[in-house]
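Everything below belongs to work-v3.cif, which stores mmCIF, C-alpha atoms.
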```cif
data_final
loop_
_atom_site.label_atom_id
_atom_site.label_comp_id
_atom_site.auth_asym_id
_atom_site.auth_seq_id
_atom_site.Cartn_x
_atom_site.Cartn_y
_atom_site.Cartn_z
CA GLY A 69 3.65 -3.93 32.47
CA LEU A 70 1.93 -0.71 31.41
CA PRO A 71 -1.68 -0.76 30.19
CA PRO A 72 -2.51 0.14 26.59
CA ALA A 73 -2.13 3.83 25.77
CA TYR A 74 -4.07 6.27 23.61
CA VAL A 75 -2.14 9.40 22.62
CA LEU A 76 -3.84 12.30 20.87
CA ALA A 77 -1.77 15.03 19.26
CA ALA A 78 -3.37 18.18 17.90
CA GLY A 79 -1.65 19.12 14.66
CA GLU A 80 -1.13 22.78 15.59
CA ASP A 81 -0.24 22.16 19.25
CA CYS A 82 3.21 23.29 20.40
CA LEU A 83 3.41 19.94 22.24
CA ARG A 84 2.58 17.84 19.16
CA ASP A 85 6.11 16.55 18.57
CA GLU A 86 6.52 15.61 22.23
CA ALA A 87 3.25 13.66 22.16
CA ILE A 88 4.31 11.80 19.03
CA ASP A 89 7.73 11.03 20.53
CA TYR A 90 6.09 9.76 23.71
CA ALA A 91 3.82 7.42 21.74
CA VAL A 92 6.74 6.11 19.69
CA ARG A 93 8.78 5.46 22.85
CA LEU A 94 5.84 3.61 24.42
CA GLN A 95 5.51 1.45 21.31
CA ALA A 96 9.26 0.77 21.28
CA ALA A 97 8.99 -0.39 24.89
CA GLY A 98 6.29 -2.88 23.92
CA VAL A 99 3.31 -0.93 25.23
CA PRO A 100 0.24 -1.29 22.97
CA THR A 101 -0.23 2.32 21.87
CA GLU A 102 -2.65 4.10 19.57
CA LEU A 103 -1.40 7.43 18.26
CA HIS A 104 -3.84 9.81 16.63
CA VAL A 105 -2.75 13.13 15.12
CA VAL A 106 -5.56 15.53 14.26
CA PRO A 107 -4.26 17.93 11.61
CA GLY A 108 -5.02 21.64 11.63
CA VAL A 109 -6.33 21.98 15.18
CA PRO A 110 -4.83 23.68 18.26
CA HIS A 111 -4.34 22.36 21.78
CA ALA A 112 -7.68 21.86 23.60
CA PHE A 113 -9.64 22.22 20.37
CA ALA A 114 -12.42 19.91 21.56
CA ALA A 115 -12.99 22.00 24.69
CA MET A 116 -12.88 25.29 22.79
CA ARG A 117 -15.32 24.19 20.07
CA PRO A 118 -17.21 21.12 21.34
CA GLY A 119 -19.84 21.42 18.61
CA ALA A 120 -17.35 21.43 15.73
CA SER A 121 -17.43 18.33 13.54
CA VAL A 122 -13.80 17.45 14.37
CA SER A 123 -14.62 17.66 18.10
CA ARG A 124 -17.66 15.45 17.70
CA ARG A 125 -15.59 12.89 15.76
CA LEU A 126 -12.96 12.93 18.51
CA HIS A 127 -15.60 12.39 21.18
CA ALA A 128 -17.01 9.42 19.25
CA GLU A 129 -13.52 7.98 18.79
CA LEU A 130 -12.68 8.35 22.48
CA THR A 131 -15.93 6.66 23.44
CA THR A 132 -15.07 3.74 21.14
CA VAL A 133 -11.48 3.43 22.42
CA LEU A 134 -12.49 3.63 26.07
CA GLY A 135 -15.23 1.07 25.52
CA ARG A 136 -12.78 -1.27 23.82
CA LEU A 137 -10.24 -0.87 26.63
CA ALA A 138 -12.91 -1.42 29.27
CA VAL A 139 -13.71 -4.86 27.88
CA GLY A 140 -10.05 -5.70 27.23
CA GLN A 141 -10.14 -5.98 23.45
#
```

What's the structure tokens form of this structure?
Amino acid sequence: GLPPAYVLAAGEDCLRDEAIDYAVRLQAAGVPTELHVVPGVPHAFAAMRPGASVSRRLHAELTTVLGRLAVGQ
């Protein structure tokens, strides 16, 4: 009965493997889950460098995902 999940894993984050494992376990439990791994970036990269192209792409992606979830698609 969990809502859809969006899991973001930064490729150079020490918690990357745990995030991936969490997403896989959610999927195995039947929870609709989107997993996105951003290679080559550290934890909190978007906050550290909000103007970087990868951060801007992430912001656009999150806006799209949240908009889709808000309308139940």

Please report the interatomic distance between CA of Tyr90 in chain A and CA of Ala138 in chain A in Å with one decimal.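 Rounded to one decimal, the two atoms are 22.7 Å apart.
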
How far is it from CA of Arg125 in chain A to CA of Val75 in chain A, in Å with one decimal?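 Atom-to-atom, CA of Arg125 in chain A and CA of Val75 in chain A are spaced 15.5 Å apart.
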
Name every residue that the PyMOL selection byres ((chain A and resi 102) around 8) selects in this structure, writing the answer as a list in words with chains first and numbers rising.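 That selection, the PyMOL selection byres ((chain A and resi 102) around 8), comes back as Ala73, Tyr74, Val75, Ala91, Pro100, Thr101, Leu103 and His104 of chain A.
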
Closest to Leu130 in chain A among A:Ala97, A:Val109, A:Ala114, A:Leu83, using only C-alpha atoms?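 Among the listed residues, A:Ala114 lies closest to Leu130 in chain A.
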
With distances taken over all atoms listed in the file, the candidate from A:Ala112, A:Ala120, A:Val99, A:Leu134 nearest Ala78 in chain A is A:Ala112

Protein/DNA/RNA residues near (2.7, 24.8, 16.9), cut 10 Å, all atoms listed in the file, as a PDB file with C-alpha atoms, in the frame of the given file:
```
ATOM      1  CA  ALA A  78      -3.370  18.180  17.900  1.00  0.00           C
ATOM      2  CA  GLY A  79      -1.650  19.120  14.660  1.00  0.00           C
ATOM      3  CA  GLU A  80      -1.130  22.780  15.590  1.00  0.00           C
ATOM      4  CA  ASP A  81      -0.240  22.160  19.250  1.00  0.00           C
ATOM      5  CA  CYS A  82       3.210  23.290  20.400  1.00  0.00           C
ATOM      6  CA  LEU A  83       3.410  19.940  22.240  1.00  0.00           C
ATOM      7  CA  ARG A  84       2.580  17.840  19.160  1.00  0.00           C
ATOM      8  CA  ASP A  85       6.110  16.550  18.570  1.00  0.00           C
ATOM      9  CA  GLY A 108      -5.020  21.640  11.630  1.00  0.00           C
ATOM     10  CA  VAL A 109      -6.330  21.980  15.180  1.00  0.00           C
ATOM     11  CA  PRO A 110      -4.830  23.680  18.260  1.00  0.00           C
ATOM     12  CA  HIS A 111      -4.340  22.360  21.780  1.00  0.00           C
TER      13      HIS A 111
END
```

Coordinates-based distance that separates CA of Pro107 in chain A from CA of His127 in chain A (Å, one decimal): 15.8 Å

Spatial neighbours of Gly98 in chain A, max dist 12 Å, all atoms listed in the file, sep filter under 6 positions, as a PyMOL selection string: chain A and resi 69-73+91-92

Work out where the centre of an axis-aligned box around every listed atom of range 131-141 of chain A lies and how long its edges are once 3 Å is added on each side; give both in Å to one decimal as JSON.
```
{"center_x": -13.0, "center_y": 0.3, "center_z": 25.2, "size_x": 11.9, "size_y": 18.6, "size_z": 14.1}
```
